[in-house]
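Chemist: This is run30.cif (mmCIF, C-alpha atoms).
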data_model
#
loop_
_atom_site.group_PDB
_atom_site.id
_atom_site.type_symbol
_atom_site.label_atom_id
_atom_site.label_comp_id
_atom_site.auth_asym_id
_atom_site.auth_seq_id
_atom_site.Cartn_x
_atom_site.Cartn_y
_atom_site.Cartn_z
ATOM 1 C CA MET A 1 -5.406 52.795 -0.891
ATOM 2 C CA GLN A 2 -2.517 51.634 1.242
ATOM 3 C CA ARG A 3 -2.729 52.150 5.002
ATOM 4 C CA SER A 4 0.036 52.503 7.541
ATOM 5 C CA LEU A 5 0.173 52.972 11.297
ATOM 6 C CA THR A 6 3.950 52.935 11.687
ATOM 7 C CA VAL A 7 5.943 56.087 12.415
ATOM 8 C CA ILE A 8 9.728 56.295 12.403
ATOM 9 C CA ILE A 9 11.131 59.376 14.099
ATOM 10 C CA ASN A 10 14.639 60.528 13.175
ATOM 11 C CA LYS A 11 16.022 63.357 15.270
ATOM 12 C CA THR A 12 19.268 65.148 14.514
ATOM 13 C CA LEU A 13 21.094 68.011 16.195
ATOM 14 C CA ALA A 14 23.624 69.935 14.123
ATOM 15 C CA GLY A 15 23.465 67.138 11.548
ATOM 16 C CA VAL A 16 24.242 64.395 14.089
ATOM 17 C CA GLN A 17 21.690 61.749 15.016
ATOM 18 C CA VAL A 18 20.493 62.192 18.607
ATOM 19 C CA GLU A 19 21.147 59.222 20.906
ATOM 20 C CA GLY A 20 18.133 56.899 21.101
ATOM 21 C CA TYR A 21 16.982 57.633 17.551
ATOM 22 C CA PRO A 22 15.556 56.568 15.257
ATOM 23 C CA ARG A 23 12.491 55.506 17.246
ATOM 24 C CA THR A 24 9.667 53.467 15.757
ATOM 25 C CA TYR A 25 6.081 53.634 16.959
ATOM 26 C CA TYR A 26 3.458 51.106 15.887
ATOM 27 C CA GLY A 27 -0.182 52.205 15.818
ATOM 28 C CA ARG A 28 -1.348 48.611 15.563
ATOM 29 C CA ASN A 29 -0.078 48.125 19.129
ATOM 30 C CA GLU A 30 -2.202 49.032 22.117
ATOM 31 C CA PHE A 31 -2.062 52.705 23.109
ATOM 32 C CA ALA A 32 -4.165 55.281 24.944
ATOM 33 C CA ILE A 33 -4.652 59.013 24.434
ATOM 34 C CA ASN A 34 -7.095 61.511 25.934
ATOM 35 C CA GLY A 35 -8.677 58.837 28.115
ATOM 36 C CA VAL A 36 -9.451 56.506 25.202
ATOM 37 C CA ALA A 37 -7.780 53.087 25.031
ATOM 38 C CA TYR A 38 -7.099 51.586 21.611
ATOM 39 C CA PRO A 39 -6.572 47.808 21.647
ATOM 40 C CA ALA A 40 -3.893 46.062 19.611
ATOM 41 C CA ILE A 41 -5.023 45.052 16.119
ATOM 42 C CA ASP A 42 -3.517 42.783 13.488
ATOM 43 C CA VAL A 43 -2.672 43.650 9.882
ATOM 44 C CA GLU A 44 -5.891 42.143 8.538
ATOM 45 C CA LYS A 45 -8.036 44.147 10.960
ATOM 46 C CA MET A 46 -6.226 47.354 9.979
ATOM 47 C CA ALA A 47 -6.664 46.598 6.282
ATOM 48 C CA THR A 48 -10.361 45.804 6.510
ATOM 49 C CA MET A 49 -11.638 48.243 9.135
ATOM 50 C CA PRO A 50 -14.053 50.887 7.849
ATOM 51 C CA VAL A 51 -12.367 54.098 6.664
ATOM 52 C CA GLU A 52 -13.982 56.080 9.501
ATOM 53 C CA ASN A 53 -12.546 53.706 12.128
ATOM 54 C CA TYR A 54 -9.098 53.765 10.515
ATOM 55 C CA THR A 55 -9.137 57.569 10.335
ATOM 56 C CA THR A 56 -10.166 57.822 13.996
ATOM 57 C CA ARG A 57 -7.372 55.472 15.068
ATOM 58 C CA LEU A 58 -4.843 57.232 12.812
ATOM 59 C CA ASN A 59 -5.700 60.663 14.242
ATOM 60 C CA ALA A 60 -5.498 59.332 17.815
ATOM 61 C CA PHE A 61 -2.176 57.608 17.052
ATOM 62 C CA GLU A 62 -0.742 60.840 15.640
ATOM 63 C CA LEU A 63 -1.723 62.664 18.854
ATOM 64 C CA TYR A 64 -0.212 59.832 20.904
ATOM 65 C CA VAL A 65 3.147 59.985 19.090
ATOM 66 C CA GLU A 66 3.197 63.793 19.232
ATOM 67 C CA SER A 67 2.632 63.547 23.009
ATOM 68 C CA LEU A 68 5.766 61.382 23.277
ATOM 69 C CA GLU A 69 7.869 63.529 20.926
ATOM 70 C CA PRO A 70 7.637 67.212 22.010
ATOM 71 C CA GLY A 71 7.706 69.627 19.082
ATOM 72 C CA LEU A 72 6.705 67.008 16.520
ATOM 73 C CA ASP A 73 3.888 67.857 14.109
ATOM 74 C CA ILE A 74 3.324 64.696 12.101
ATOM 75 C CA ASN A 75 1.275 66.455 9.432
ATOM 76 C CA SER A 76 3.978 69.013 8.650
ATOM 77 C CA ASP A 77 7.077 66.901 9.400
ATOM 78 C CA THR A 78 6.182 63.840 7.293
ATOM 79 C CA ILE A 79 8.453 63.121 4.332
ATOM 80 C CA PRO A 80 6.403 63.201 1.087
ATOM 81 C CA GLY A 81 5.658 59.678 -0.103
ATOM 82 C CA SER A 82 5.551 58.212 3.393
ATOM 83 C CA GLU A 83 2.074 59.368 4.381
ATOM 84 C CA ALA A 84 -0.203 57.141 6.447
ATOM 85 C CA TYR A 85 -2.788 56.814 3.699
ATOM 86 C CA LYS A 86 -1.581 56.841 0.109
ATOM 87 C CA GLU A 87 -2.379 55.434 -3.294
ATOM 88 C CA ASN A 88 -0.321 52.362 -4.182
ATOM 89 C CA LEU A 89 -1.665 50.764 -7.347
ATOM 90 C CA THR A 90 0.917 47.955 -7.206
ATOM 91 C CA SER A 91 0.112 46.657 -3.714
ATOM 92 C CA CYS A 92 -3.477 47.846 -3.589
ATOM 93 C CA PRO A 93 -4.945 48.028 -7.107
ATOM 94 C CA ILE A 94 -8.182 49.952 -7.480
ATOM 95 C CA GLU A 95 -10.745 48.108 -9.560
#
Could I get this structure in the form of structure tokens?

Modeler:
Amino acid sequence: MQRSLTVIINKTLAGVQVEGYPRTYYGRNEFAINGVAYPAIDVEKMATMPVENYTTRLNAFELYVESLEPGLDINSDTIPGSEAYKENLTSCPIE
């Protein structure tokens, strides 16, 4: 499975991109939500962390981004094919 902790937010109003967008948020960077601090991690750490740890960080990161972008619901607003955890047999073959 391929993992991602990068979110790109595009916001438009009446079909026109809102000033300051798109914005990119990186879940591998340090962030804090609900009193829990998440340290910065590198690509290798993200790729090799246990699924439970990745899922915990992913869920916290989604809450963090939603707290910065009022009205955003990552789970319902995500474009199909750009999910945070998806099958990619080219980059990440399953043996």

Chemist: Which one of A:Pro70, A:Ala32, A:Pro39, A:Phe61 sits closest to Thr6 of chain A if you count all atoms listed in the file?

Modeler: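 Among the listed residues, A:Phe61 lies closest to Thr6 of chain A.
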
Chemist: Which residues fall under the PyMOL selection byres ((chain A and resi 27) around 12) in this file, as a PyMOL selection string?

Modeler: chain A and resi 3-8+24-26+28-33+37-43+46+54-65+84

Chemist: One decimal, in Å: what's the spacing between atom CA of Leu68 of chain A and atom CA of Glu52 of chain A?

Modeler: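 Going from atom CA of Leu68 of chain A over to atom CA of Glu52 of chain A, I get 24.7 Å.
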
Chemist: What does the distance between atom CA of Glu19 of chain A and atom CA of Asn75 of chain A come to in Å, to one decimal place?

Modeler: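 These atoms are spaced 24.1 Å apart.
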
Chemist: Of the candidates A:Val51, A:Val36, A:Pro22, A:Ala14, which one gets nearest to Gln2 of chain A if we count all atoms listed in the file?

Modeler: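 Looking at the shortest contact to Gln2 of chain A, the residue is A:Val51.
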
Chemist: Mind pulling up the distance from atom CA of Arg23 of chain A to atom CA of Ile74 of chain A?

Modeler: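 Separation between atom CA of Ile74 of chain A and atom CA of Arg23 of chain A: 14.0 Å.
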